[in-house]
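K.L.:
Handing you a structure now.
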Amino acid sequence: MRFKLALAAGAALAIAASGLAVSGMAFARQETPAQKGYLPPGALDTSKILPPAPKEGEARYENDRKIFLATRGLKDTPRWTLAQNDVDERKIIGDFACALGFTPDPQKLPKTTALLMKLRFDVIDAVNKPKDLYQRKRPYLIDEGPICVDKTDGLAQSPDYPSGHTTWGWTVGLILAEADPAHATPILARARAFGESRLVCGVHNNSAVEAGRTNGAALVAALHGSKAFRDDVDGVREEIAEARKAATAPAQCDAESALVAKSPY
């Protein structure tokens, strides 16, 4: 059962062909074709930026376990349902409807779609190396507990650290906040909650979510060195402003805002 978010079925951007598979497995497994993103392959090595993944016996490791076990109590609550909604990273722009203040129409956001299609390669590149380096287990493989998706072999084989979903959500959130600064506060609050949904789902540790935000911030900083990226953000800024003029206001945002405002742990 899904929480009734403020978006119609067609409001989510259809980027299914992007290679960003459900449960984030593509972040760990898909190769980044040369020159497909904004940055040259290997231009940003986030494995040298992120702190090392926690190891057994360390305080961060035990804190991860504590948060995972505590958040299992959120199963079947409205926050759990929102987390299930956030599993499908392909409809990321629709997830920001309440934060943007209008229901996005994908037909009127071609520049935004094009940016995301190109950006995905940079995100995958930023996530792959630290995941492969640390091979951190997902929390439900360390402690028993329900998760909000199926416990597949593919998910278990995809390393925890850093969270690809969080990297993706925080990167998109930072870009949207730049393109629409008047709504920066709710946009970034929703981007934070998008990452926290991975905690609620039980598929990522707290340390992986924190690393995902650092990962996204580092990536956006590097992206600003690309003129093509800066030009595309300018296009997104104009596109959002134009789309807002004719777009419908989202509904049921009070319920979402209440969930976003409250920490899940």
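Chain lettering (A, B, ...) mirrors the order of the structure tokens, residue numbering begins at 1 for each chain separately, and ligand numbering begins at 1 in order of display.
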Find the residues near Lys245 in chain A: any atom within 12 Å, counting only C-alpha atoms, skip ones fewer than 3 places away on the same chain, and give them as a VMD selection string.
P.N.:
chain A and resid 101 to 105 108 238 to 242 248 to 249
K.L.:
So which residues touch Pro51 in chain A within 12 Å, counting only C-alpha atoms, skipping near sequence neighbours fewer than 5 positions away, as a short mmCIF file (atom, residue, chain, number, x, y, z; two decimals) with N, CA, C and O atoms, in the first residue's frame?
P.N.:
```cif
data_model
loop_
_atom_site.label_atom_id
_atom_site.label_comp_id
_atom_site.auth_asym_id
_atom_site.auth_seq_id
_atom_site.Cartn_x
_atom_site.Cartn_y
_atom_site.Cartn_z
N THR A 46 35.46 9.64 -5.13
CA THR A 46 34.85 9.86 -3.82
C THR A 46 35.31 8.86 -2.78
O THR A 46 35.10 9.07 -1.58
N ARG A 60 30.68 3.77 15.31
CA ARG A 60 29.77 4.01 14.18
C ARG A 60 29.08 2.73 13.76
O ARG A 60 27.91 2.74 13.36
N PRO A 130 33.59 3.60 -4.11
CA PRO A 130 33.57 3.34 -2.66
C PRO A 130 32.77 2.09 -2.28
O PRO A 130 33.12 1.39 -1.33
N LEU A 133 35.05 -0.74 -2.91
CA LEU A 133 36.20 -0.71 -2.00
C LEU A 133 35.85 -1.27 -0.63
O LEU A 133 36.59 -2.10 -0.08
N TYR A 134 34.71 -0.84 -0.07
CA TYR A 134 34.39 -1.19 1.31
C TYR A 134 33.54 -2.45 1.46
O TYR A 134 33.60 -3.11 2.50
N TYR A 161 27.62 0.77 1.41
CA TYR A 161 28.28 2.06 1.67
C TYR A 161 29.04 2.57 0.46
O TYR A 161 29.93 1.89 -0.03
N PRO A 162 28.67 3.77 -0.04
CA PRO A 162 27.61 4.69 0.40
C PRO A 162 26.27 4.34 -0.26
O PRO A 162 26.23 3.56 -1.22
N SER A 207 25.24 5.26 8.52
CA SER A 207 26.53 5.74 8.00
C SER A 207 26.52 5.81 6.47
O SER A 207 27.13 6.70 5.88
N ALA A 208 25.81 4.89 5.83
CA ALA A 208 25.74 4.88 4.36
C ALA A 208 24.92 6.04 3.84
O ALA A 208 25.21 6.61 2.78
N GLU A 210 24.52 8.96 5.49
CA GLU A 210 25.35 10.14 5.71
C GLU A 210 26.41 10.26 4.63
O GLU A 210 26.67 11.36 4.11
N ALA A 211 27.02 9.15 4.27
CA ALA A 211 28.04 9.15 3.22
C ALA A 211 27.42 9.51 1.88
O ALA A 211 28.07 10.16 1.05
N GLY A 212 26.18 9.10 1.66
CA GLY A 212 25.51 9.44 0.41
C GLY A 212 25.32 10.93 0.25
O GLY A 212 25.47 11.48 -0.86
N THR A 214 27.24 13.26 1.66
CA THR A 214 28.58 13.80 1.39
C THR A 214 28.96 13.53 -0.06
O THR A 214 29.53 14.40 -0.75
N ASN A 215 28.64 12.36 -0.53
CA ASN A 215 28.94 11.96 -1.90
C ASN A 215 28.25 12.89 -2.90
O ASN A 215 28.87 13.38 -3.85
#
```
K.L.:
For Val200 in chain A, which residue among A:Ala261, A:Ile187, A:Ile67, A:Ala182 is the nearest when counting only C-alpha atoms?
P.N.:
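Closest to Val200 in chain A, using only C-alpha atoms: A:Ile67.
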K.L.:
Can you list, as a ChimeraX atom specification, every protein, DNA or RNA residue that comes within 7 Å of range 225-234 of chain A when you count only C-alpha atoms, leaving out same-chain residues fewer than 4 positions away?
P.N.:
/A:38,115,179,238
K.L.:
Would you output that residue set with all heavy atoms, as a tab-separated table (two decimals), in the first residue's frame?
P.N.:
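Just written: out-v9.tsv:
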```
chain	number	residue	atom	x	y	z
A	38	TYR	N	28.64	14.44	-17.25
A	38	TYR	CA	29.25	15.76	-17.37
A	38	TYR	C	30.74	15.72	-17.09
A	38	TYR	O	31.51	16.52	-17.63
A	38	TYR	CB	28.58	16.73	-16.40
A	38	TYR	CG	27.16	17.10	-16.78
A	38	TYR	CD1	26.07	16.49	-16.17
A	38	TYR	CD2	26.92	18.07	-17.75
A	38	TYR	CE1	24.78	16.83	-16.51
A	38	TYR	CE2	25.62	18.42	-18.10
A	38	TYR	CZ	24.55	17.79	-17.48
A	38	TYR	OH	23.27	18.12	-17.83
A	115	LEU	N	18.84	16.57	-18.28
A	115	LEU	CA	19.89	16.72	-17.28
A	115	LEU	C	20.00	15.46	-16.43
A	115	LEU	O	21.10	14.97	-16.16
A	115	LEU	CB	19.62	17.94	-16.40
A	115	LEU	CG	20.67	18.26	-15.33
A	115	LEU	CD1	20.79	19.76	-15.11
A	115	LEU	CD2	20.35	17.58	-13.99
A	179	ALA	N	18.32	25.63	-8.92
A	179	ALA	CA	17.46	26.06	-10.02
A	179	ALA	C	16.21	26.79	-9.53
A	179	ALA	O	15.63	27.59	-10.26
A	179	ALA	CB	17.06	24.85	-10.86
A	238	GLU	N	14.86	28.03	-15.92
A	238	GLU	CA	13.86	28.66	-16.78
A	238	GLU	C	12.66	27.74	-16.99
A	238	GLU	O	11.51	28.19	-17.00
A	238	GLU	CB	14.49	29.02	-18.12
A	238	GLU	CG	15.60	30.07	-18.02
A	238	GLU	CD	16.36	30.23	-19.32
A	238	GLU	OE1	16.03	29.51	-20.30
A	238	GLU	OE2	17.28	31.08	-19.37
```
K.L.:
Using only C-alpha atoms, pick whichever of A:Phe121, A:Thr112, A:Pro159, A:Gly173 has the shortest atom-to-atom distance to Arg237 in chain A.
P.N.:
A:Thr112
K.L.:
Nearest residue to Glu89 in chain A out of A:Pro250, A:Pro264, A:Gly195, A:Gly202, using only C-alpha atoms?
P.N.:
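For Glu89 in chain A, the nearest of the candidates is A:Gly195.
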K.L.:
List every residue of range 56-107 of chain A that DSSP, applied to the backbone of this structure, places in helix (DSSP H, G or I), and write the result as a ChimeraX atom specification.
P.N.:
/A:59-74,78-85,89-95,97-100,106-107
K.L.:
At a cut-off of 10 Å, using only C-alpha atoms, what residues contact Lys137 in chain A? Leave out same-chain residues fewer than 4 positions from it and give the result as a list in words.
P.N.:
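Final neighbour list, sorted by chain and number: Leu141, Ile142, Ala156, Gln157, Ser158, Pro159, Asp160, Tyr161, Val203, His204 and Asn205 of chain A.
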K.L.:
Extract, using only C-alpha atoms, all DNA, RNA and protein residues at most 9 Å from Arg79 in chain A, discarding same-chain residues fewer than 5 positions from it, and format them as JSON, numbers by chain.
P.N.:
{"A": [3, 74, 84, 197, 200, 256, 259, 260, 264]}
K.L.:
With a distance cut-off of 12 Å and only C-alpha atoms, select the neighbouring residues of Ala99 in chain A, excluding the residue or stretch itself and same-chain residues fewer than 3 positions from it, and output the selection as a PDB file with N, CA and C atoms, in the first residue's frame.
P.N.:
```pdb
ATOM      1  N   LEU A   5       0.772  10.302  -2.249  1.00  0.00           N
ATOM      2  CA  LEU A   5       1.567  11.494  -2.468  1.00  0.00           C
ATOM      3  C   LEU A   5       0.860  12.440  -3.427  1.00  0.00           C
ATOM      4  N   ALA A   6       1.344  13.672  -3.437  1.00  0.00           N
ATOM      5  CA  ALA A   6       0.713  14.701  -4.256  1.00  0.00           C
ATOM      6  C   ALA A   6       1.205  14.666  -5.685  1.00  0.00           C
ATOM      7  N   LEU A   7       1.008  13.522  -6.355  1.00  0.00           N
ATOM      8  CA  LEU A   7       1.343  13.441  -7.757  1.00  0.00           C
ATOM      9  C   LEU A   7       0.469  12.407  -8.429  1.00  0.00           C
ATOM     10  N   ILE A  92      12.016  10.572  -9.385  1.00  0.00           N
ATOM     11  CA  ILE A  92      12.557  11.490  -8.391  1.00  0.00           C
ATOM     12  C   ILE A  92      11.918  12.872  -8.451  1.00  0.00           C
ATOM     13  N   ILE A  93      11.662  13.413  -9.637  1.00  0.00           N
ATOM     14  CA  ILE A  93      11.102  14.761  -9.720  1.00  0.00           C
ATOM     15  C   ILE A  93       9.687  14.785  -9.164  1.00  0.00           C
ATOM     16  N   GLY A  94       8.921  13.746  -9.414  1.00  0.00           N
ATOM     17  CA  GLY A  94       7.583  13.669  -8.845  1.00  0.00           C
ATOM     18  C   GLY A  94       7.606  13.654  -7.335  1.00  0.00           C
ATOM     19  N   ASP A  95       8.654  13.070  -6.750  1.00  0.00           N
ATOM     20  CA  ASP A  95       8.774  13.039  -5.291  1.00  0.00           C
ATOM     21  C   ASP A  95       8.993  14.427  -4.700  1.00  0.00           C
ATOM     22  N   PHE A  96       9.447  15.362  -5.518  1.00  0.00           N
ATOM     23  CA  PHE A  96       9.670  16.734  -5.060  1.00  0.00           C
ATOM     24  C   PHE A  96       8.476  17.648  -5.335  1.00  0.00           C
ATOM     25  N   PHE A 102       4.355  22.562  -7.061  1.00  0.00           N
ATOM     26  CA  PHE A 102       3.489  22.266  -8.207  1.00  0.00           C
ATOM     27  C   PHE A 102       3.723  20.823  -8.634  1.00  0.00           C
ATOM     28  N   THR A 103       2.727  20.255  -9.293  1.00  0.00           N
ATOM     29  CA  THR A 103       2.819  18.881  -9.761  1.00  0.00           C
ATOM     30  C   THR A 103       3.518  18.860 -11.112  1.00  0.00           C
ATOM     31  N   PRO A 104       4.698  18.300 -11.201  1.00  0.00           N
ATOM     32  CA  PRO A 104       5.453  18.331 -12.454  1.00  0.00           C
ATOM     33  C   PRO A 104       4.773  17.548 -13.572  1.00  0.00           C
ATOM     34  N   GLY A 173      18.442  17.032  -5.310  1.00  0.00           N
ATOM     35  CA  GLY A 173      17.923  18.076  -4.434  1.00  0.00           C
ATOM     36  C   GLY A 173      18.766  19.340  -4.483  1.00  0.00           C
ATOM     37  N   LEU A 176      18.084  21.077  -7.828  1.00  0.00           N
ATOM     38  CA  LEU A 176      16.771  21.722  -7.843  1.00  0.00           C
ATOM     39  C   LEU A 176      16.758  22.969  -6.971  1.00  0.00           C
ATOM     40  N   ALA A 177      17.460  22.903  -5.823  1.00  0.00           N
ATOM     41  CA  ALA A 177      17.521  24.072  -4.942  1.00  0.00           C
ATOM     42  C   ALA A 177      18.240  25.229  -5.626  1.00  0.00           C
ATOM     43  N   ASP A 180      15.812  26.517  -8.294  1.00  0.00           N
ATOM     44  CA  ASP A 180      14.592  27.109  -7.738  1.00  0.00           C
ATOM     45  C   ASP A 180      14.861  27.552  -6.302  1.00  0.00           C
ATOM     46  N   PRO A 181      15.720  28.565  -6.114  1.00  0.00           N
ATOM     47  CA  PRO A 181      16.155  28.948  -4.765  1.00  0.00           C
ATOM     48  C   PRO A 181      15.027  29.407  -3.850  1.00  0.00           C
ATOM     49  N   ALA A 182      13.927  29.886  -4.406  1.00  0.00           N
ATOM     50  CA  ALA A 182      12.803  30.313  -3.569  1.00  0.00           C
ATOM     51  C   ALA A 182      12.199  29.139  -2.811  1.00  0.00           C
ATOM     52  N   HIS A 183      12.418  27.926  -3.319  1.00  0.00           N
ATOM     53  CA  HIS A 183      11.885  26.725  -2.672  1.00  0.00           C
ATOM     54  C   HIS A 183      13.010  25.834  -2.147  1.00  0.00           C
ATOM     55  N   ALA A 184      14.193  26.418  -1.940  1.00  0.00           N
ATOM     56  CA  ALA A 184      15.355  25.621  -1.540  1.00  0.00           C
ATOM     57  C   ALA A 184      15.133  24.883  -0.226  1.00  0.00           C
ATOM     58  N   THR A 185      14.500  25.529   0.738  1.00  0.00           N
ATOM     59  CA  THR A 185      14.326  24.895   2.048  1.00  0.00           C
ATOM     60  C   THR A 185      13.489  23.624   1.962  1.00  0.00           C
ATOM     61  N   PRO A 186      12.270  23.660   1.406  1.00  0.00           N
ATOM     62  CA  PRO A 186      11.502  22.412   1.316  1.00  0.00           C
ATOM     63  C   PRO A 186      12.126  21.393   0.373  1.00  0.00           C
ATOM     64  N   ILE A 187      12.801  21.855  -0.666  1.00  0.00           N
ATOM     65  CA  ILE A 187      13.455  20.919  -1.586  1.00  0.00           C
ATOM     66  C   ILE A 187      14.528  20.121  -0.865  1.00  0.00           C
ATOM     67  N   LEU A 188      15.376  20.800  -0.097  1.00  0.00           N
ATOM     68  CA  LEU A 188      16.462  20.102   0.585  1.00  0.00           C
ATOM     69  C   LEU A 188      15.962  19.266   1.759  1.00  0.00           C
ATOM     70  N   ALA A 189      14.870  19.707   2.387  1.00  0.00           N
ATOM     71  CA  ALA A 189      14.272  18.888   3.446  1.00  0.00           C
ATOM     72  C   ALA A 189      13.749  17.582   2.863  1.00  0.00           C
ATOM     73  N   ARG A 190      13.133  17.671   1.684  1.00  0.00           N
ATOM     74  CA  ARG A 190      12.613  16.456   1.037  1.00  0.00           C
ATOM     75  C   ARG A 190      13.761  15.571   0.561  1.00  0.00           C
ATOM     76  N   ALA A 191      14.847  16.190   0.088  1.00  0.00           N
ATOM     77  CA  ALA A 191      16.009  15.405  -0.333  1.00  0.00           C
ATOM     78  C   ALA A 191      16.609  14.656   0.851  1.00  0.00           C
ATOM     79  N   ARG A 192      16.652  15.305   2.024  1.00  0.00           N
ATOM     80  CA  ARG A 192      17.131  14.619   3.229  1.00  0.00           C
ATOM     81  C   ARG A 192      16.242  13.436   3.551  1.00  0.00           C
ATOM     82  N   ALA A 193      14.930  13.644   3.491  1.00  0.00           N
ATOM     83  CA  ALA A 193      13.990  12.572   3.804  1.00  0.00           C
ATOM     84  C   ALA A 193      14.074  11.430   2.802  1.00  0.00           C
ATOM     85  N   ALA A 249      -1.474  22.844  -8.390  1.00  0.00           N
ATOM     86  CA  ALA A 249      -0.874  22.741  -7.057  1.00  0.00           C
ATOM     87  C   ALA A 249      -1.038  21.320  -6.535  1.00  0.00           C
ATOM     88  N   PRO A 250      -0.014  20.776  -5.905  1.00  0.00           N
ATOM     89  CA  PRO A 250      -0.129  19.424  -5.347  1.00  0.00           C
ATOM     90  C   PRO A 250      -1.094  19.386  -4.170  1.00  0.00           C
ATOM     91  N   ALA A 251      -1.631  18.207  -3.932  1.00  0.00           N
ATOM     92  CA  ALA A 251      -2.562  18.013  -2.813  1.00  0.00           C
ATOM     93  C   ALA A 251      -1.905  17.129  -1.755  1.00  0.00           C
ATOM     94  N   GLN A 252      -2.507  17.111  -0.569  1.00  0.00           N
ATOM     95  CA  GLN A 252      -2.081  16.244   0.534  1.00  0.00           C
ATOM     96  C   GLN A 252      -0.639  16.495   0.972  1.00  0.00           C
ATOM     97  N   CYS A 253      -0.154  17.709   0.786  1.00  0.00           N
ATOM     98  CA  CYS A 253       1.234  18.002   1.145  1.00  0.00           C
ATOM     99  C   CYS A 253       1.429  18.160   2.647  1.00  0.00           C
ATOM    100  N   ASP A 254       0.364  18.481   3.372  1.00  0.00           N
ATOM    101  CA  ASP A 254       0.508  18.631   4.821  1.00  0.00           C
ATOM    102  C   ASP A 254       0.949  17.321   5.462  1.00  0.00           C
ATOM    103  N   GLU A 256       2.620  14.841   4.013  1.00  0.00           N
ATOM    104  CA  GLU A 256       4.006  14.567   3.656  1.00  0.00           C
ATOM    105  C   GLU A 256       4.957  15.459   4.451  1.00  0.00           C
ATOM    106  N   SER A 257       4.610  16.732   4.567  1.00  0.00           N
ATOM    107  CA  SER A 257       5.475  17.669   5.280  1.00  0.00           C
ATOM    108  C   SER A 257       5.671  17.253   6.734  1.00  0.00           C
ATOM    109  N   VAL A 260       8.189  14.415   6.731  1.00  0.00           N
ATOM    110  CA  VAL A 260       9.519  14.881   6.394  1.00  0.00           C
ATOM    111  C   VAL A 260      10.143  15.626   7.580  1.00  0.00           C
TER     112      VAL A 260
END
```
K.L.:
Using only C-alpha atoms, pick whichever of A:Leu69, A:Ala53, A:Ala218, A:Ala246 has the shortest atom-to-atom distance to Asp143 in chain A.
P.N.:
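Of the candidates, the smallest distance to Asp143 in chain A is held by A:Leu69.
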K.L.:
Suppose you want the space between CA of Glu62 in chain A and CA of Gln135 in chain A; what is it in Å?
P.N.:
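Those two atoms sit 17.3 Å apart.
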K.L.:
Compare A:Glu56, A:Asp86, A:Asp125, A:Asp64 by their minimum atom-to-atom distance to Gly216 in chain A, counting only C-alpha atoms, and give me the closest one.
P.N.:
A:Asp125
K.L.:
So how many Å separate CA of Gly37 in chain A and CA of Gln107 in chain A, to one decimal?
P.N.:
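So the answer is 22.8 Å.
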K.L.:
For a test of reading the model, state the distance in Å between CA of Gly235 in chain A and CA of Val123 in chain A, rounded to one decimal.
P.N.:
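Separation of CA of Gly235 in chain A and CA of Val123 in chain A: 20.2 Å.
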K.L.:
Counting only C-alpha atoms, figure out which residue out of A:Val172, A:Ala243, A:Ser47, A:Pro52 gets nearest to Pro106 in chain A.
P.N.:
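Comparing A:Val172, A:Ala243, A:Ser47, A:Pro52 against Pro106 in chain A, the winner is A:Ala243.
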